[in-house]
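Below is the file work24.csv, which contains CSV, C-alpha atoms and all ligand atoms.
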chain,number,residue,atom,x,y,z
A,10,MET,CA,-14.9,11.7,55.8
A,11,GLU,CA,-12.3,14.3,56.3
A,12,TYR,CA,-12.9,16.6,59.3
A,13,LYS,CA,-12.6,20.1,57.7
A,14,TYR,CA,-13.4,22.3,60.7
A,15,THR,CA,-12.8,20.2,63.8
A,16,PRO,CA,-9.3,19.1,64.7
A,17,LYS,CA,-8.8,15.9,66.7
A,18,GLY,CA,-8.9,16.9,70.3
A,19,ASN,CA,-9.5,15.7,73.8
A,20,TYR,CA,-13.2,15.8,74.4
A,21,GLU,CA,-13.1,13.8,77.6
A,22,ASP,CA,-14.7,16.6,79.6
A,23,PHE,CA,-17.9,16.1,77.6
A,24,ALA,CA,-18.0,12.3,77.8
A,25,SER,CA,-21.5,11.1,78.5
A,26,GLY,CA,-22.1,10.3,82.2
A,27,ARG,CA,-19.1,12.3,83.4
A,28,VAL,CA,-20.5,15.7,83.8
A,29,ILE,CA,-23.2,15.5,81.1
A,30,TYR,CA,-26.0,13.3,82.5
A,31,HIS,CA,-26.5,9.8,81.0
A,32,VAL,CA,-29.2,7.3,81.6
A,33,GLY,CA,-28.6,3.7,80.5
A,34,GLY,CA,-30.0,2.9,77.1
A,35,GLU,CA,-30.1,6.6,75.9
A,36,PRO,CA,-28.1,7.0,72.7
A,37,THR,CA,-25.4,9.6,72.5
A,38,PHE,CA,-23.5,11.2,69.6
A,39,PRO,CA,-19.8,11.6,69.0
A,40,VAL,CA,-18.6,15.1,70.2
A,41,ARG,CA,-16.2,15.8,67.4
A,42,LEU,CA,-18.8,14.8,64.8
A,43,SER,CA,-21.4,17.1,66.4
A,44,LEU,CA,-19.0,20.0,66.2
A,45,GLU,CA,-18.1,19.2,62.6
A,46,ILE,CA,-21.7,18.9,61.5
A,47,PHE,CA,-22.6,22.2,63.2
A,48,GLU,CA,-19.7,24.0,61.4
A,49,ARG,CA,-20.7,22.5,58.0
A,50,CYS,CA,-24.3,23.6,58.5
A,51,LEU,CA,-23.0,27.1,59.4
A,52,GLN,CA,-21.1,27.3,56.1
A,53,TYR,CA,-24.4,27.0,54.3
A,54,SER,CA,-26.3,29.3,56.6
A,55,ASN,CA,-26.8,33.0,55.7
A,56,LYS,CA,-26.9,33.7,59.4
A,57,LYS,CA,-23.7,33.1,61.3
A,58,THR,CA,-24.5,34.2,64.9
A,59,ASP,CA,-27.5,34.4,67.2
A,60,LEU,CA,-28.6,31.1,65.8
A,61,ILE,CA,-31.7,29.2,66.7
A,62,LEU,CA,-30.7,25.5,66.9
A,63,TYR,CA,-33.4,22.8,67.0
A,64,ASP,CA,-33.2,19.0,67.3
A,65,CYS,CA,-36.6,17.3,66.7
A,66,CYS,CA,-35.5,13.8,68.0
A,67,CYS,CA,-33.3,15.2,70.8
A,68,GLY,CA,-33.3,12.2,73.2
A,69,GLY,CA,-31.4,13.3,76.3
A,70,ALA,CA,-30.1,16.4,74.5
A,71,TYR,CA,-26.5,15.2,74.7
A,72,MET,CA,-25.6,16.6,71.3
A,73,LEU,CA,-27.5,19.9,72.0
A,74,THR,CA,-25.7,20.3,75.3
A,75,VAL,CA,-22.3,19.7,73.7
A,76,LEU,CA,-23.1,22.3,71.0
A,77,GLY,CA,-24.4,24.7,73.6
A,78,LEU,CA,-21.2,24.4,75.6
A,79,LEU,CA,-18.7,24.5,72.7
A,80,LYS,CA,-20.4,26.7,70.2
A,81,SER,CA,-22.1,29.2,72.5
A,82,SER,CA,-20.7,32.3,70.7
A,83,LYS,CA,-22.8,31.4,67.7
A,84,ILE,CA,-26.0,30.1,69.3
A,85,SER,CA,-28.7,32.2,71.1
A,86,LYS,CA,-31.5,29.6,71.5
A,87,ILE,CA,-31.7,25.9,71.7
A,88,TYR,CA,-34.9,23.9,71.2
A,89,GLY,CA,-35.2,20.2,71.6
A,90,SER,CA,-38.2,17.9,71.3
A,91,ASP,CA,-38.7,14.1,71.5
A,92,ILE,CA,-41.6,11.7,71.6
A,93,ASP,CA,-40.3,10.0,74.8
A,94,LEU,CA,-41.2,11.8,78.0
A,95,ASN,CA,-38.3,10.1,80.0
A,96,SER,CA,-35.8,11.4,77.5
A,97,LEU,CA,-37.2,14.9,77.8
A,98,GLU,CA,-36.5,14.9,81.6
A,99,LEU,CA,-32.9,14.0,80.9
A,100,ALA,CA,-32.8,16.6,78.2
A,101,LYS,CA,-33.9,19.3,80.7
A,102,ASP,CA,-31.2,18.3,83.2
A,103,ASN,CA,-28.6,18.3,80.5
A,104,LEU,CA,-29.5,21.7,79.0
A,105,GLY,CA,-29.5,22.9,82.6
A,106,LEU,CA,-25.8,22.5,82.5
A,107,LEU,CA,-25.6,25.5,80.2
A,108,THR,CA,-26.5,27.6,83.2
A,109,LYS,CA,-24.7,28.5,86.5
A,110,PRO,CA,-27.4,27.0,88.7
A,111,GLY,CA,-27.3,23.7,86.6
A,112,ILE,CA,-23.6,23.5,87.0
A,113,LYS,CA,-23.8,24.2,90.7
A,114,LYS,CA,-26.3,21.4,91.2
A,115,ARG,CA,-24.2,19.0,89.2
A,116,ARG,CA,-21.1,19.9,91.2
A,117,GLU,CA,-22.9,19.2,94.4
A,118,GLU,CA,-23.9,15.8,93.1
A,119,LEU,CA,-20.4,15.0,92.0
A,120,ASP,CA,-19.0,16.3,95.3
A,121,ALA,CA,-21.4,14.0,97.2
A,122,LEU,CA,-20.4,11.0,95.1
A,123,TYR,CA,-16.7,11.7,95.6
A,124,GLU,CA,-17.1,12.1,99.3
A,125,ARG,CA,-19.0,8.8,99.5
A,126,TYR,CA,-17.1,6.6,97.1
A,127,GLU,CA,-13.7,8.4,96.6
A,128,LYS,CA,-13.6,7.1,93.0
A,129,GLU,CA,-11.1,8.5,90.6
A,130,SER,CA,-13.8,9.0,88.0
A,131,HIS,CA,-15.7,11.4,90.3
A,132,LYS,CA,-12.5,13.3,91.0
A,133,GLU,CA,-11.9,13.6,87.2
A,134,ALA,CA,-15.5,14.7,86.7
A,135,LEU,CA,-15.0,17.5,89.3
A,136,GLN,CA,-12.0,18.6,87.3
A,137,SER,CA,-14.0,18.5,84.1
A,138,ILE,CA,-16.8,20.6,85.6
A,139,ASP,CA,-14.4,23.3,86.5
A,140,ARG,CA,-13.3,23.5,82.9
A,141,ILE,CA,-16.9,23.3,81.6
A,142,GLU,CA,-18.0,26.1,83.9
A,143,LYS,CA,-15.4,28.4,82.3
A,144,LEU,CA,-17.2,27.9,79.0
A,145,LEU,CA,-20.4,29.5,80.2
A,146,SER,CA,-19.7,33.0,78.9
A,147,LYS,CA,-23.2,33.9,77.9
A,148,GLU,CA,-26.7,32.6,78.6
A,149,ILE,CA,-28.3,30.5,75.9
A,150,LYS,CA,-32.1,30.3,76.1
A,151,THR,CA,-33.3,26.7,76.0
A,152,SER,CA,-36.7,25.0,75.7
A,153,ILE,CA,-37.6,21.3,75.7
A,154,PHE,CA,-41.0,20.1,74.6
A,155,HIS,CA,-42.9,17.0,73.6
A,156,ARG,CA,-43.5,16.5,69.9
A,157,ASN,CA,-43.9,13.6,67.5
A,158,ALA,CA,-41.4,14.5,64.7
A,159,LEU,CA,-43.5,12.6,62.2
A,160,GLU,CA,-46.7,14.6,62.7
A,161,ILE,CA,-47.3,18.0,61.2
A,162,SER,CA,-47.6,20.5,64.1
A,163,ASP,CA,-46.9,24.1,64.5
A,164,ILE,CA,-43.9,25.4,66.5
A,165,GLN,CA,-43.5,29.0,67.7
A,166,PHE,CA,-40.1,29.6,66.1
A,167,ILE,CA,-38.2,29.3,62.8
A,168,PRO,CA,-35.0,27.3,63.3
A,169,ASP,CA,-31.9,28.5,61.6
A,170,ILE,CA,-30.2,25.1,62.0
A,171,ILE,CA,-31.8,21.8,62.6
A,172,ILE,CA,-29.5,18.9,63.5
A,173,THR,CA,-31.1,15.6,64.3
A,174,ASP,CA,-29.9,12.1,64.9
A,175,VAL,CA,-32.9,10.0,64.0
A,176,PRO,CA,-33.8,6.5,65.5
A,177,TYR,CA,-31.5,3.9,64.0
A,178,GLY,CA,-32.2,0.6,62.5
A,179,ASN,CA,-35.5,-0.3,60.9
A,180,LEU,CA,-38.6,1.7,60.7
A,181,ALA,CA,-40.2,-0.2,63.6
A,182,GLU,CA,-38.2,2.1,65.9
A,183,TRP,CA,-40.2,5.0,64.5
A,184,GLY,CA,-43.4,3.3,65.3
A,185,GLU,CA,-45.2,0.7,63.2
A,186,GLY,CA,-46.8,1.9,60.0
A,187,SER,CA,-44.9,5.2,60.0
A,188,GLY,CA,-43.1,6.5,56.9
A,189,GLY,CA,-39.9,7.0,59.0
A,190,VAL,CA,-37.4,9.6,58.0
A,191,ASN,CA,-39.3,10.6,54.8
A,192,GLN,CA,-42.4,11.3,56.9
A,193,MET,CA,-40.3,13.4,59.2
A,194,MET,CA,-38.9,15.4,56.2
A,195,ASP,CA,-42.5,16.2,55.2
A,196,ALA,CA,-43.3,17.4,58.7
A,197,LEU,CA,-40.1,19.4,58.9
A,198,SER,CA,-40.9,21.1,55.6
A,199,LYS,CA,-43.8,22.9,57.3
A,200,ILE,CA,-41.6,24.4,60.1
A,201,CYS,CA,-38.5,25.3,58.1
A,202,GLY,CA,-38.0,28.7,56.7
A,203,PRO,CA,-36.4,29.4,53.3
A,204,ASP,CA,-33.0,29.8,55.0
A,205,THR,CA,-33.2,26.9,57.5
A,206,ILE,CA,-30.3,24.5,57.1
A,207,LEU,CA,-31.2,20.9,58.1
A,208,CYS,CA,-28.8,18.0,58.8
A,209,ILE,CA,-30.2,14.5,59.3
A,210,CYS,CA,-27.9,11.8,60.8
A,211,MET,CA,-29.0,8.3,60.2
A,212,ASP,CA,-27.8,4.8,59.6
A,213,LYS,CA,-26.7,3.7,56.1
A,214,LYS,CA,-30.0,1.8,55.5
A,215,GLN,CA,-32.2,4.9,55.7
A,216,LYS,CA,-32.8,6.7,52.5
A,217,ILE,CA,-34.2,10.2,52.1
A,218,GLN,CA,-36.4,10.9,49.2
A,219,THR,CA,-37.8,14.4,49.3
A,220,GLU,CA,-39.5,16.8,46.9
A,221,GLN,CA,-39.4,19.8,49.3
A,222,PHE,CA,-35.7,19.9,50.1
A,223,GLN,CA,-32.5,20.0,48.0
A,224,ARG,CA,-29.5,18.1,49.3
A,225,LEU,CA,-26.4,20.2,49.8
A,226,GLU,CA,-24.1,17.5,51.1
A,227,LYS,CA,-23.9,13.8,51.9
A,228,GLN,CA,-21.2,12.2,54.1
A,229,ARG,CA,-20.6,8.7,55.4
A,230,ILE,CA,-18.8,8.1,58.6
A,231,GLY,CA,-18.4,4.6,60.1
A,232,LYS,CA,-21.9,3.1,60.5
A,233,ARG,CA,-23.6,6.5,60.2
A,234,LYS,CA,-24.2,8.9,57.4
A,235,PHE,CA,-25.4,12.5,57.5
A,236,GLU,CA,-27.1,14.6,54.8
A,237,ILE,CA,-27.5,18.4,54.8
A,238,TYR,CA,-30.5,20.0,53.1
A,239,MET,CA,-32.3,23.3,52.6
A,240,LYS,CA,-35.7,24.0,51.2
A,241,LYS,CA,-36.0,24.0,47.4
A,242,ILE,CA,-36.6,27.5,46.0
A,243,ASN,CA,-39.8,27.4,43.9
A,301,LIG,C1,-30.6,8.4,68.2
A,301,LIG,S1,-31.7,9.1,69.4
A,301,LIG,C2,-31.2,10.8,69.5
A,301,LIG,C3,-30.0,11.0,70.5
A,301,LIG,C4,-29.7,12.5,70.7
A,301,LIG,N1,-29.2,13.0,69.5
A,301,LIG,C5,-28.7,12.8,71.8
A,301,LIG,O1,-27.7,13.4,71.5
A,301,LIG,O2,-29.0,12.5,73.0
A,301,LIG,C6,-33.2,9.2,68.6
A,301,LIG,C7,-34.4,9.7,69.4
A,301,LIG,O3,-35.5,9.8,68.6
A,301,LIG,C8,-36.6,9.7,69.4
A,301,LIG,N2,-37.8,9.4,68.6
A,301,LIG,C9,-38.3,8.2,68.1
A,301,LIG,N3,-39.4,8.3,67.4
A,301,LIG,C10,-39.7,9.7,67.4
A,301,LIG,C11,-40.7,10.5,66.9
A,301,LIG,N4,-41.7,9.9,66.2
A,301,LIG,N5,-40.7,11.8,67.2
A,301,LIG,C12,-39.8,12.4,67.9
A,301,LIG,N6,-38.7,11.7,68.5
A,301,LIG,C13,-38.7,10.3,68.2
A,301,LIG,C14,-36.3,8.6,70.4
A,301,LIG,O4,-37.1,8.7,71.6
A,301,LIG,C15,-34.8,8.9,70.6
A,301,LIG,O5,-34.6,9.7,71.8
Written as structure tokens, how would this file's structure read?
Amino acid sequence: MEYKYTPKGNYEDFASGRVIYHVGGEPTFPVRLSLEIFERCLQYSNKKTDLILYDCCCGGAYMLTVLGLLKSSKISKIYGSDIDLNSLELAKDNLGLLTKPGIKKRREELDALYERYEKESHKEALQSIDRIEKLLSKEIKTSIFHRNALEISDIQFIPDIIITDVPYGNLAEWGEGSGGVNQMMDALSKICGPDTILCICMDKKQKIQTEQFQRLEKQRIGKRKFEIYMKKIN
């Protein structure tokens, strides 16, 4: 895939575990690809600013945090949900980095680590956090909640853009007996508005078959693929 909107760059400041929190085993998502997907979704969206962004399988909210930091001029609210309660704790800490108090807390942690171990990596993280803090130009409202993405349930907002990186591999990861990504699409159709733009990132084995959405774009990148949809107009 050709990157149309996101030049190659140095995204080291956003490396997982450096300033953005990481817990072993939690998946992350490439920074440049997150930015490219966001921009591609934006091209299809009627709304260009004040966006409500949602990830229904947010994990530790690594991708949402990166987008909140680097696309803040376009986003006003970020919502994330996941089935796993431990991931939600991590997600709250990460989205906290979009606020001055969250950055202060992280800086204190990194200061303490550097004082104790004098590791180069902690010094670099402190340099990164200085640059990251400068990105906090406006406050983005954030909310993290527990939700099974496969079940139909009401949410209190209509997302403008949904970007989600679903569990990889076989359907077992979704829970036995579930209909995986297609069941998620059914559930999402109940919470999307007519203008919601939806991007699903998955591995190559997963196939979306949907009556409710029309596909706008499909791209392959390494072991992943992503597909962008919006609701079919009846
Ligand atoms: C590939 S990870 C997402 C990583 C995330 N994009 C990030 O940047 O940190 C997939 C996530 O889907 C979650 N998940 C699995 N089954 C789910 C379900 N039925 N409903 C909601 N989330 C689910 C997992 O707990 C995991 O956090």
Taking all atoms listed in the file into account, list the residues no farther than 9 Å from ligand LIG 301 (chain A), as a tab-separated table (two decimals) with C-alpha atoms, in the coordinates of the input.
chain	number	residue	atom	x	y	z
A	31	HIS	CA	-26.50	9.80	81.00
A	35	GLU	CA	-30.10	6.60	75.90
A	36	PRO	CA	-28.10	7.00	72.70
A	37	THR	CA	-25.40	9.60	72.50
A	38	PHE	CA	-23.50	11.20	69.60
A	39	PRO	CA	-19.80	11.60	69.00
A	43	SER	CA	-21.40	17.10	66.40
A	64	ASP	CA	-33.20	19.00	67.30
A	65	CYS	CA	-36.60	17.30	66.70
A	66	CYS	CA	-35.50	13.80	68.00
A	67	CYS	CA	-33.30	15.20	70.80
A	68	GLY	CA	-33.30	12.20	73.20
A	69	GLY	CA	-31.40	13.30	76.30
A	70	ALA	CA	-30.10	16.40	74.50
A	71	TYR	CA	-26.50	15.20	74.70
A	72	MET	CA	-25.60	16.60	71.30
A	73	LEU	CA	-27.50	19.90	72.00
A	74	THR	CA	-25.70	20.30	75.30
A	75	VAL	CA	-22.30	19.70	73.70
A	90	SER	CA	-38.20	17.90	71.30
A	91	ASP	CA	-38.70	14.10	71.50
A	92	ILE	CA	-41.60	11.70	71.60
A	93	ASP	CA	-40.30	10.00	74.80
A	94	LEU	CA	-41.20	11.80	78.00
A	95	ASN	CA	-38.30	10.10	80.00
A	96	SER	CA	-35.80	11.40	77.50
A	97	LEU	CA	-37.20	14.90	77.80
A	99	LEU	CA	-32.90	14.00	80.90
A	100	ALA	CA	-32.80	16.60	78.20
A	155	HIS	CA	-42.90	17.00	73.60
A	156	ARG	CA	-43.50	16.50	69.90
A	157	ASN	CA	-43.90	13.60	67.50
A	158	ALA	CA	-41.40	14.50	64.70
A	159	LEU	CA	-43.50	12.60	62.20
A	160	GLU	CA	-46.70	14.60	62.70
A	172	ILE	CA	-29.50	18.90	63.50
A	173	THR	CA	-31.10	15.60	64.30
A	174	ASP	CA	-29.90	12.10	64.90
A	175	VAL	CA	-32.90	10.00	64.00
A	176	PRO	CA	-33.80	6.50	65.50
A	177	TYR	CA	-31.50	3.90	64.00
A	182	GLU	CA	-38.20	2.10	65.90
A	183	TRP	CA	-40.20	5.00	64.50
A	184	GLY	CA	-43.40	3.30	65.30
A	187	SER	CA	-44.90	5.20	60.00
A	189	GLY	CA	-39.90	7.00	59.00
A	193	MET	CA	-40.30	13.40	59.20
A	210	CYS	CA	-27.90	11.80	60.80
A	211	MET	CA	-29.00	8.30	60.20
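Take the candidates A:Tyr30, A:Phe154, A:Phe47, A:Phe166 and check each one against A:Ile112 using only C-alpha atoms; the shortest distance goes to A:Tyr30.
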Which neighbours of A:Asp59 fall inside 6 Å, counting all atoms listed in the file, when residues of the same chain fewer than 5 positions from it are skipped, and could you give them as a PyMOL selection string?
chain A and resi 83-85
Contacts of A:Phe222 within 8 Å, only C-alpha atoms, excl. fewer than 5 positions in-chain, as a VMD selection string
chain A and resid 198 238 to 241
Distance in Å - atom CA of A:Ile161 versus atom CA of A:Tyr88
17.0 Å
